[in-house]
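File shown: query_5.txt. Contents: compact mmCIF, C-alpha atoms (C1' of nucleotides).
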```
# COMPACT_ATOMS: atom_id res chain seq x y z
CA MET A 1 0.00 0.00 0.00
CA LEU A 2 1.06 3.55 -0.66
CA THR A 3 2.28 5.60 2.27
CA LYS A 4 0.68 8.90 3.19
CA LYS A 5 3.33 10.81 1.29
CA GLN A 6 3.08 8.61 -1.80
CA THR A 7 -0.69 8.97 -1.73
CA ILE A 8 -0.47 12.75 -1.63
CA ASP A 9 2.05 12.69 -4.47
CA ALA A 10 -0.40 10.67 -6.54
CA ILE A 11 -3.25 13.03 -5.73
CA ASP A 12 -1.05 15.99 -6.73
CA GLN A 13 -0.43 14.45 -10.13
CA ILE A 14 -4.10 13.72 -10.64
CA GLN A 15 -4.88 17.30 -9.71
CA GLU A 16 -2.59 18.46 -12.50
CA MET A 17 -4.62 16.37 -14.93
CA PHE A 18 -8.01 17.61 -13.67
CA PRO A 19 -7.40 20.93 -11.91
CA GLU A 20 -10.97 22.13 -12.14
CA ALA A 21 -12.76 18.98 -11.12
CA GLU A 22 -15.79 19.77 -9.01
CA CYS A 23 -19.35 18.66 -8.44
CA GLU A 24 -21.17 19.09 -11.73
CA LEU A 25 -24.70 18.53 -10.53
CA ILE A 26 -26.95 21.55 -11.03
CA HIS A 27 -28.49 22.74 -7.75
CA SER A 28 -29.12 25.92 -5.86
CA ASN A 29 -29.94 24.60 -2.39
CA PRO A 30 -29.38 21.48 -0.25
CA PHE A 31 -32.75 19.99 -1.13
CA GLU A 32 -32.12 20.23 -4.86
CA LEU A 33 -28.67 18.76 -4.41
CA LEU A 34 -30.10 15.86 -2.45
CA ILE A 35 -32.61 15.12 -5.20
CA ALA A 36 -29.94 15.44 -7.89
CA VAL A 37 -27.60 13.03 -6.14
CA VAL A 38 -30.36 10.50 -5.55
CA LEU A 39 -31.19 10.70 -9.26
CA SER A 40 -27.55 10.26 -10.23
CA ALA A 41 -27.35 6.64 -9.06
CA GLN A 42 -26.11 4.51 -11.95
CA CYS A 43 -26.08 7.33 -14.47
CA THR A 44 -23.91 10.32 -15.25
CA ASP A 45 -24.19 13.85 -13.92
CA ALA A 46 -24.64 15.12 -17.47
CA LEU A 47 -27.73 12.97 -17.85
CA VAL A 48 -29.19 14.16 -14.55
CA ASN A 49 -28.52 17.76 -15.54
CA LYS A 50 -30.70 17.33 -18.59
CA VAL A 51 -33.67 16.64 -16.35
CA THR A 52 -33.20 18.78 -13.25
CA PRO A 53 -33.74 22.31 -14.60
CA LYS A 54 -37.33 21.54 -15.58
CA LEU A 55 -37.78 19.27 -12.57
CA PHE A 56 -36.70 21.93 -10.06
CA GLU A 57 -38.91 24.47 -11.69
CA LYS A 58 -41.90 22.22 -11.24
CA TYR A 59 -41.05 20.76 -7.83
CA GLN A 60 -39.65 23.31 -5.43
CA SER A 61 -40.38 21.79 -2.04
CA PRO A 62 -40.78 18.31 -0.54
CA SER A 63 -44.54 18.75 -0.53
CA ASP A 64 -44.54 19.41 -4.28
CA TYR A 65 -43.15 15.91 -4.80
CA LEU A 66 -45.75 14.44 -2.48
CA ASN A 67 -48.63 16.20 -4.22
CA ALA A 68 -47.70 14.74 -7.59
CA SER A 69 -48.75 11.23 -8.46
CA GLN A 70 -46.04 8.64 -8.65
CA GLU A 71 -46.76 8.14 -12.35
CA GLU A 72 -46.35 11.82 -13.07
CA LEU A 73 -43.03 11.99 -11.24
CA GLU A 74 -41.88 8.87 -13.10
CA GLN A 75 -42.60 10.57 -16.41
CA ASP A 76 -40.65 13.63 -15.36
CA ILE A 77 -37.50 11.62 -14.68
CA ARG A 78 -38.01 8.80 -17.16
CA SER A 79 -35.03 9.59 -19.36
CA ILE A 80 -32.42 8.91 -16.67
CA GLY A 81 -33.23 5.25 -16.10
CA LEU A 82 -34.21 3.40 -12.90
CA PHE A 83 -37.02 5.91 -12.78
CA ARG A 84 -39.59 3.80 -10.98
CA SER A 85 -37.56 3.12 -7.85
CA LYS A 86 -36.15 6.62 -7.88
CA ALA A 87 -39.59 8.25 -8.07
CA LYS A 88 -40.82 6.06 -5.24
CA ASN A 89 -37.78 6.83 -3.10
CA ILE A 90 -38.03 10.56 -3.70
CA GLN A 91 -41.63 10.61 -2.52
CA LYS A 92 -40.75 8.60 0.58
CA LEU A 93 -37.77 10.86 1.17
CA ALA A 94 -39.91 13.97 0.81
CA ALA A 95 -42.38 12.60 3.36
CA SER A 96 -39.58 11.89 5.85
CA ILE A 97 -38.17 15.37 5.48
CA ILE A 98 -41.57 16.87 6.20
CA ASN A 99 -42.53 14.56 9.04
CA ASP A 100 -39.20 13.98 10.77
CA PHE A 101 -37.09 17.03 9.94
CA ASP A 102 -39.53 19.91 9.83
CA GLY A 103 -39.20 20.29 6.07
CA GLN A 104 -35.43 20.83 6.14
CA VAL A 105 -32.75 18.54 4.71
CA PRO A 106 -30.99 16.95 7.71
CA LYS A 107 -27.33 17.85 8.07
CA THR A 108 -25.74 14.74 9.55
CA ARG A 109 -24.68 11.67 7.60
CA ASP A 110 -26.57 9.29 9.87
CA GLU A 111 -29.82 11.17 9.45
CA LEU A 112 -29.36 11.36 5.68
CA ILE A 113 -28.61 7.66 5.35
CA GLY A 114 -31.93 6.95 7.05
CA LEU A 115 -33.78 8.57 4.13
CA ALA A 116 -35.14 6.46 1.27
CA GLY A 117 -32.76 6.24 -1.65
CA VAL A 118 -29.89 7.72 0.31
CA GLY A 119 -26.86 5.54 0.96
CA ARG A 120 -23.40 6.29 2.24
CA LYS A 121 -22.23 7.84 -1.00
CA THR A 122 -25.19 10.20 -1.39
CA ALA A 123 -24.96 11.22 2.26
CA ASN A 124 -21.29 12.06 1.89
CA VAL A 125 -21.83 14.17 -1.21
CA VAL A 126 -24.65 16.14 0.41
CA THR A 127 -22.84 16.86 3.68
CA SER A 128 -19.71 17.77 1.79
CA VAL A 129 -21.08 19.90 -1.04
CA ALA A 130 -24.15 21.44 0.61
CA PHE A 131 -22.99 21.79 4.22
CA GLY A 132 -19.23 22.12 3.84
CA GLU A 133 -18.70 19.08 6.03
CA PRO A 134 -15.54 17.41 4.73
CA ALA A 135 -16.19 13.92 3.41
CA ILE A 136 -14.94 11.57 0.74
CA ALA A 137 -17.77 9.87 -1.10
CA VAL A 138 -16.56 6.50 -2.36
CA ASP A 139 -18.29 5.63 -5.62
CA THR A 140 -17.18 2.99 -8.10
CA HIS A 141 -14.59 5.32 -9.65
CA VAL A 142 -13.01 6.35 -6.37
CA GLU A 143 -12.95 2.73 -5.27
CA ARG A 144 -11.39 1.44 -8.50
CA VAL A 145 -8.74 4.14 -8.68
CA SER A 146 -7.82 3.76 -5.01
CA LYS A 147 -7.36 0.04 -5.50
CA ARG A 148 -5.42 0.23 -8.75
CA LEU A 149 -3.02 2.78 -7.31
CA ALA A 150 -2.77 0.69 -4.15
CA ILE A 151 -3.85 3.60 -1.99
CA CYS A 152 -5.88 0.93 -0.22
CA ARG A 153 -6.03 -2.87 -0.35
CA TRP A 154 -7.67 -4.77 -3.19
CA LYS A 155 -10.08 -6.57 -0.91
CA ASP A 156 -11.12 -3.50 1.10
CA SER A 157 -14.82 -2.82 1.51
CA VAL A 158 -16.21 0.57 0.51
CA LEU A 159 -16.14 1.57 4.17
CA GLU A 160 -12.49 0.59 4.51
CA VAL A 161 -11.60 2.48 1.33
CA GLU A 162 -13.24 5.57 2.76
CA LYS A 163 -11.44 5.26 6.08
CA THR A 164 -8.08 4.75 4.40
CA LEU A 165 -8.53 7.77 2.15
CA MET A 166 -9.50 9.97 5.09
CA LYS A 167 -6.46 8.77 7.01
CA LYS A 168 -3.97 9.39 4.22
CA ILE A 169 -5.31 12.67 2.84
CA PRO A 170 -5.34 15.95 4.76
CA ILE A 171 -8.88 16.97 5.62
CA GLU A 172 -8.74 20.27 3.76
CA ARG A 173 -8.21 18.33 0.54
CA TRP A 174 -10.97 15.75 0.94
CA SER A 175 -13.52 17.54 -1.16
CA ASP A 176 -11.20 18.36 -4.07
CA THR A 177 -9.66 14.90 -3.97
CA HIS A 178 -13.07 13.33 -4.19
CA HIS A 179 -13.89 15.07 -7.46
CA GLN A 180 -10.43 14.65 -8.91
CA LEU A 181 -10.51 10.90 -8.31
CA ILE A 182 -13.91 10.72 -9.96
CA PHE A 183 -12.76 12.63 -13.05
CA PHE A 184 -9.60 10.55 -13.21
CA GLY A 185 -11.63 7.35 -12.96
CA ARG A 186 -14.25 8.42 -15.44
CA TYR A 187 -12.09 9.87 -18.19
CA HIS A 188 -8.67 8.28 -17.78
CA CYS A 189 -8.42 5.34 -15.37
CA LYS A 190 -11.55 3.84 -16.91
CA ALA A 191 -12.98 0.53 -15.76
CA GLN A 192 -12.81 -1.17 -19.14
CA SER A 193 -9.97 0.41 -21.12
CA PRO A 194 -7.77 2.57 -18.89
CA LYS A 195 -5.23 4.77 -20.66
CA CYS A 196 -2.25 3.21 -18.94
CA ASN A 197 0.14 3.92 -21.83
CA ASP A 198 -0.55 7.64 -21.40
CA CYS A 199 -0.60 7.88 -17.62
CA PRO A 200 1.73 9.97 -15.47
CA LEU A 201 1.03 7.65 -12.57
CA LEU A 202 2.16 4.48 -14.32
CA GLU A 203 5.45 4.36 -12.42
CA MET A 204 3.66 4.06 -9.08
CA CYS A 205 0.73 1.95 -10.29
CA ARG A 206 0.82 -1.80 -9.74
CA GLU A 207 -2.23 -2.44 -11.83
CA GLY A 208 -0.99 -0.38 -14.79
CA LYS A 209 2.33 -2.17 -14.96
CA LYS A 210 0.60 -5.52 -14.77
CA ARG A 211 -1.76 -4.44 -17.52
CA LEU A 212 0.94 -3.25 -19.92
CA LYS A 213 3.00 -6.36 -19.31
CA GLY A 214 0.04 -8.57 -20.10
CA LYS A 215 -0.55 -6.77 -23.38
CA SER A 216 2.95 -6.84 -24.86
C1' DA B 1 -22.92 -11.81 -1.56
C1' DA B 2 -25.80 -11.76 -5.48
C1' DC B 3 -29.55 -9.84 -7.88
C1' DT B 4 -32.48 -6.12 -9.71
C1' DC B 5 -33.75 -1.90 -11.69
C1' DG B 6 -33.49 0.77 -16.95
C1' DG B 7 -32.71 4.35 -20.48
C1' DG B 8 -28.78 6.57 -22.43
C1' DG B 9 -23.89 6.53 -23.90
C1' DC B 10 -20.36 4.62 -26.18
C1' DA B 11 -17.50 1.17 -28.86
C1' DT C 1 -26.14 -4.20 -31.46
C1' DG C 2 -24.40 -5.19 -27.17
C1' DC C 3 -22.32 -3.89 -23.07
C1' DC C 4 -21.69 -0.77 -19.27
C1' DC C 5 -22.95 2.78 -15.88
C1' DA C 6 -21.19 9.36 -10.51
C1' DG C 7 -26.07 3.13 -6.20
C1' DA C 8 -29.29 1.46 -3.13
C1' DG C 9 -32.79 -1.88 -1.63
C1' DT C 10 -34.17 -6.57 -1.13
C1' DT C 11 -33.52 -11.51 -0.38
```

Show me, as structure tokens, the structure contained in the file I just sent.
Amino acid sequence: MLTKKQTIDAIDQIQEMFPEAECELIHSNPFELLIAVVLSAQCTDALVNKVTPKLFEKYQSPSDYLNASQEELEQDIRSIGLFRSKAKNIQKLAASIINDFDGQVPKTRDELIGLAGVGRKTANVVTSVAFGEPAIAVDTHVERVSKRLAICRWKDSVLEVEKTLMKKIPIERWSDTHHQLIFFGRYHCKAQSPKCNDCPLLEMCREGKKRLKGKS
DNA sequence: AACTCGGGGCA
DNA sequence: TGCCCAGAGTT
């Protein structure tokens, strides 16, 4: 596994590749962000952003989602996929916010995770982006990159990956690192065909060396 | 731990 | 065309 210093070196190099990486989801308040992140499960931010402008114009509060029929909400988010479960979860989530949190998006991770459709990743993004609470949301990209670079162990669970990242990266960099790892994973260190032959991190990457050896 | 949801993106 | 995907819930 990489040491703290090696990890930070790697993050520095990734930052040079994606200096302006940040959350791309369109939102103007915590509630909109929460909805956008819930919608983003298993699809890209760009896809969610095609739907949310109209969606947020039509539904501005939790009660607006509750007043719509489930079928109507499904139609409004149909183009992003998984729309049935997402519509159902959003209505349950809206009800919880009204009944249990006085209409406000809760600010702690534990409270957020209790909401329908909100898992550890969504909770981390919301606390981090909306409430400035440092967190590293481990999605499939962050997990894959962390394992390929040996920042963590191959067999680590998502929770262990998160703990390792938080231990090795200074807290003031958590938020930036999160987005940089995602961009790196999405556009360069891709799941299927990573660009190992054009990667500044190849020297310190076990997986990349293995991969190139196997090819040639 | 494995399975499911699902339309869009991309090779 | 066919395969994969910025997850979470259920069994």

Exercise for the section: Find the residues near Glu111 in chain A: any atom within 12 Å, counting only C-alpha atoms (C1' of nucleotides), skip ones fewer than 4 places away on the same chain, and give them as an NGL selection string. Expected result: :A and (93 or 96-97 or 100-101 or 104-107 or 115-116 or 118-120 or 122-124 or 126-127)

Using all atoms listed in the file, tabulate the residues of chain B lying at most 6 Å from any atom of chain A, each with its closest atom pair and that distance in Å to one decimal, by chain and increasing residue number, as JSON lines.
```
{"residue": "B:DC5", "atom": "C1'", "partner": "A:Leu82", "partner_atom": "CA", "distance": 5.5}
{"residue": "B:DG6", "atom": "C1'", "partner": "A:Gly81", "partner_atom": "CA", "distance": 4.6}
{"residue": "B:DG7", "atom": "C1'", "partner": "A:Gly81", "partner_atom": "CA", "distance": 4.5}
```

Handout entry: Point-to-point distance in Å for CA of Asp9 in chain A and CA of Tyr187 in chain A
Key =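 Separating CA of Tyr187 in chain A from CA of Asp9 in chain A is a distance of 19.9 Å.
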
Handout entry: Counting only C-alpha atoms (C1' of nucleotides), the residue of A:His141, A:Ser193, A:Lys210, A:Ile26 that sits nearest DA11 in chain B
Key =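 Of the candidates, the smallest distance to DA11 in chain B is held by A:Ser193.
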
Per residue of chain C within 8 Å of chain A, which atom pair is closest and at what distance in Å (one decimal), using all atoms listed in the file, listed by chain and increasing number, as CSV?
```
residue,atom,partner,partner_atom,distance
C:DC5,C1',A:Gln42,CA,5.3
C:DA6,C1',A:Thr44,CA,5.5
C:DG7,C1',A:Ala41,CA,4.7
C:DA8,C1',A:Gly117,CA,6.1
```

Can you save range 55-93 of chain A of the given block to a file, including N, CA and C atoms and formatted as a CSV table (one decimal), in the first residue's frame?
```
chain,number,residue,atom,x,y,z
A,55,LEU,N,-37.3,19.9,-13.8
A,55,LEU,CA,-37.8,19.3,-12.6
A,55,LEU,C,-37.8,20.2,-11.4
A,56,PHE,N,-36.8,21.0,-11.2
A,56,PHE,CA,-36.7,21.9,-10.1
A,56,PHE,C,-37.6,23.1,-10.2
A,57,GLU,N,-38.0,23.4,-11.5
A,57,GLU,CA,-38.9,24.5,-11.7
A,57,GLU,C,-40.3,24.0,-11.3
A,58,LYS,N,-40.6,22.8,-11.5
A,58,LYS,CA,-41.9,22.2,-11.2
A,58,LYS,C,-42.1,21.8,-9.8
A,59,TYR,N,-41.0,21.2,-9.2
A,59,TYR,CA,-41.0,20.8,-7.8
A,59,TYR,C,-40.0,21.6,-7.0
A,60,GLN,N,-40.6,22.5,-6.2
A,60,GLN,CA,-39.6,23.3,-5.4
A,60,GLN,C,-39.5,23.0,-4.0
A,61,SER,N,-40.4,22.2,-3.5
A,61,SER,CA,-40.4,21.8,-2.0
A,61,SER,C,-40.7,20.3,-1.9
A,62,PRO,N,-40.4,19.7,-0.8
A,62,PRO,CA,-40.8,18.3,-0.5
A,62,PRO,C,-42.3,18.1,-0.8
A,63,SER,N,-43.1,19.0,-0.4
A,63,SER,CA,-44.5,18.8,-0.5
A,63,SER,C,-45.0,18.7,-2.0
A,64,ASP,N,-44.2,19.5,-2.8
A,64,ASP,CA,-44.5,19.4,-4.3
A,64,ASP,C,-44.4,18.0,-4.8
A,65,TYR,N,-43.4,17.3,-4.4
A,65,TYR,CA,-43.1,15.9,-4.8
A,65,TYR,C,-44.2,15.0,-4.3
A,66,LEU,N,-44.7,15.3,-3.1
A,66,LEU,CA,-45.8,14.4,-2.5
A,66,LEU,C,-47.1,14.7,-3.2
A,67,ASN,N,-47.3,15.9,-3.6
A,67,ASN,CA,-48.6,16.2,-4.2
A,67,ASN,C,-48.8,15.6,-5.6
A,68,ALA,N,-47.6,15.4,-6.3
A,68,ALA,CA,-47.7,14.7,-7.6
A,68,ALA,C,-48.0,13.3,-7.5
A,69,SER,N,-48.6,12.7,-8.5
A,69,SER,CA,-48.8,11.2,-8.5
A,69,SER,C,-47.4,10.6,-8.8
A,70,GLN,N,-47.3,9.3,-8.4
A,70,GLN,CA,-46.0,8.6,-8.7
A,70,GLN,C,-45.8,8.5,-10.2
A,71,GLU,N,-46.9,8.3,-10.9
A,71,GLU,CA,-46.8,8.1,-12.4
A,71,GLU,C,-46.3,9.4,-13.0
A,72,GLU,N,-46.8,10.5,-12.5
A,72,GLU,CA,-46.3,11.8,-13.1
A,72,GLU,C,-44.9,12.1,-12.8
A,73,LEU,N,-44.4,11.8,-11.6
A,73,LEU,CA,-43.0,12.0,-11.2
A,73,LEU,C,-42.2,11.1,-12.1
A,74,GLU,N,-42.6,9.8,-12.3
A,74,GLU,CA,-41.9,8.9,-13.1
A,74,GLU,C,-41.7,9.4,-14.5
A,75,GLN,N,-42.7,10.0,-15.1
A,75,GLN,CA,-42.6,10.6,-16.4
A,75,GLN,C,-41.6,11.7,-16.4
A,76,ASP,N,-41.6,12.5,-15.4
A,76,ASP,CA,-40.7,13.6,-15.4
A,76,ASP,C,-39.2,13.2,-15.3
A,77,ILE,N,-38.9,12.0,-14.8
A,77,ILE,CA,-37.5,11.6,-14.7
A,77,ILE,C,-37.2,10.4,-15.5
A,78,ARG,N,-38.1,10.0,-16.4
A,78,ARG,CA,-38.0,8.8,-17.2
A,78,ARG,C,-36.7,8.6,-17.9
A,79,SER,N,-36.2,9.7,-18.5
A,79,SER,CA,-35.0,9.6,-19.4
A,79,SER,C,-33.7,9.3,-18.7
A,80,ILE,N,-33.7,9.2,-17.3
A,80,ILE,CA,-32.4,8.9,-16.7
A,80,ILE,C,-32.3,7.5,-16.3
A,81,GLY,N,-33.3,6.7,-16.5
A,81,GLY,CA,-33.2,5.2,-16.1
A,81,GLY,C,-33.5,5.0,-14.6
A,82,LEU,N,-33.9,3.8,-14.3
A,82,LEU,CA,-34.2,3.4,-12.9
A,82,LEU,C,-35.3,4.3,-12.3
A,83,PHE,N,-36.1,4.8,-13.2
A,83,PHE,CA,-37.0,5.9,-12.8
A,83,PHE,C,-38.1,5.5,-11.8
A,84,ARG,N,-38.5,4.2,-11.9
A,84,ARG,CA,-39.6,3.8,-11.0
A,84,ARG,C,-39.1,3.8,-9.5
A,85,SER,N,-38.0,3.1,-9.2
A,85,SER,CA,-37.6,3.1,-7.8
A,85,SER,C,-37.1,4.5,-7.4
A,86,LYS,N,-36.6,5.3,-8.3
A,86,LYS,CA,-36.1,6.6,-7.9
A,86,LYS,C,-37.3,7.5,-7.5
A,87,ALA,N,-38.4,7.4,-8.3
A,87,ALA,CA,-39.6,8.2,-8.1
A,87,ALA,C,-40.2,7.8,-6.7
A,88,LYS,N,-40.3,6.5,-6.5
A,88,LYS,CA,-40.8,6.1,-5.2
A,88,LYS,C,-40.0,6.5,-4.1
A,89,ASN,N,-38.7,6.4,-4.2
A,89,ASN,CA,-37.8,6.8,-3.1
A,89,ASN,C,-37.9,8.3,-2.8
A,90,ILE,N,-38.0,9.1,-3.9
A,90,ILE,CA,-38.0,10.6,-3.7
A,90,ILE,C,-39.3,11.0,-3.0
A,91,GLN,N,-40.4,10.3,-3.2
A,91,GLN,CA,-41.6,10.6,-2.5
A,91,GLN,C,-41.5,10.2,-1.1
A,92,LYS,N,-40.9,9.0,-0.8
A,92,LYS,CA,-40.8,8.6,0.6
A,92,LYS,C,-39.8,9.6,1.3
A,93,LEU,N,-38.8,9.9,0.6
A,93,LEU,CA,-37.8,10.9,1.2
A,93,LEU,C,-38.4,12.2,1.5
```
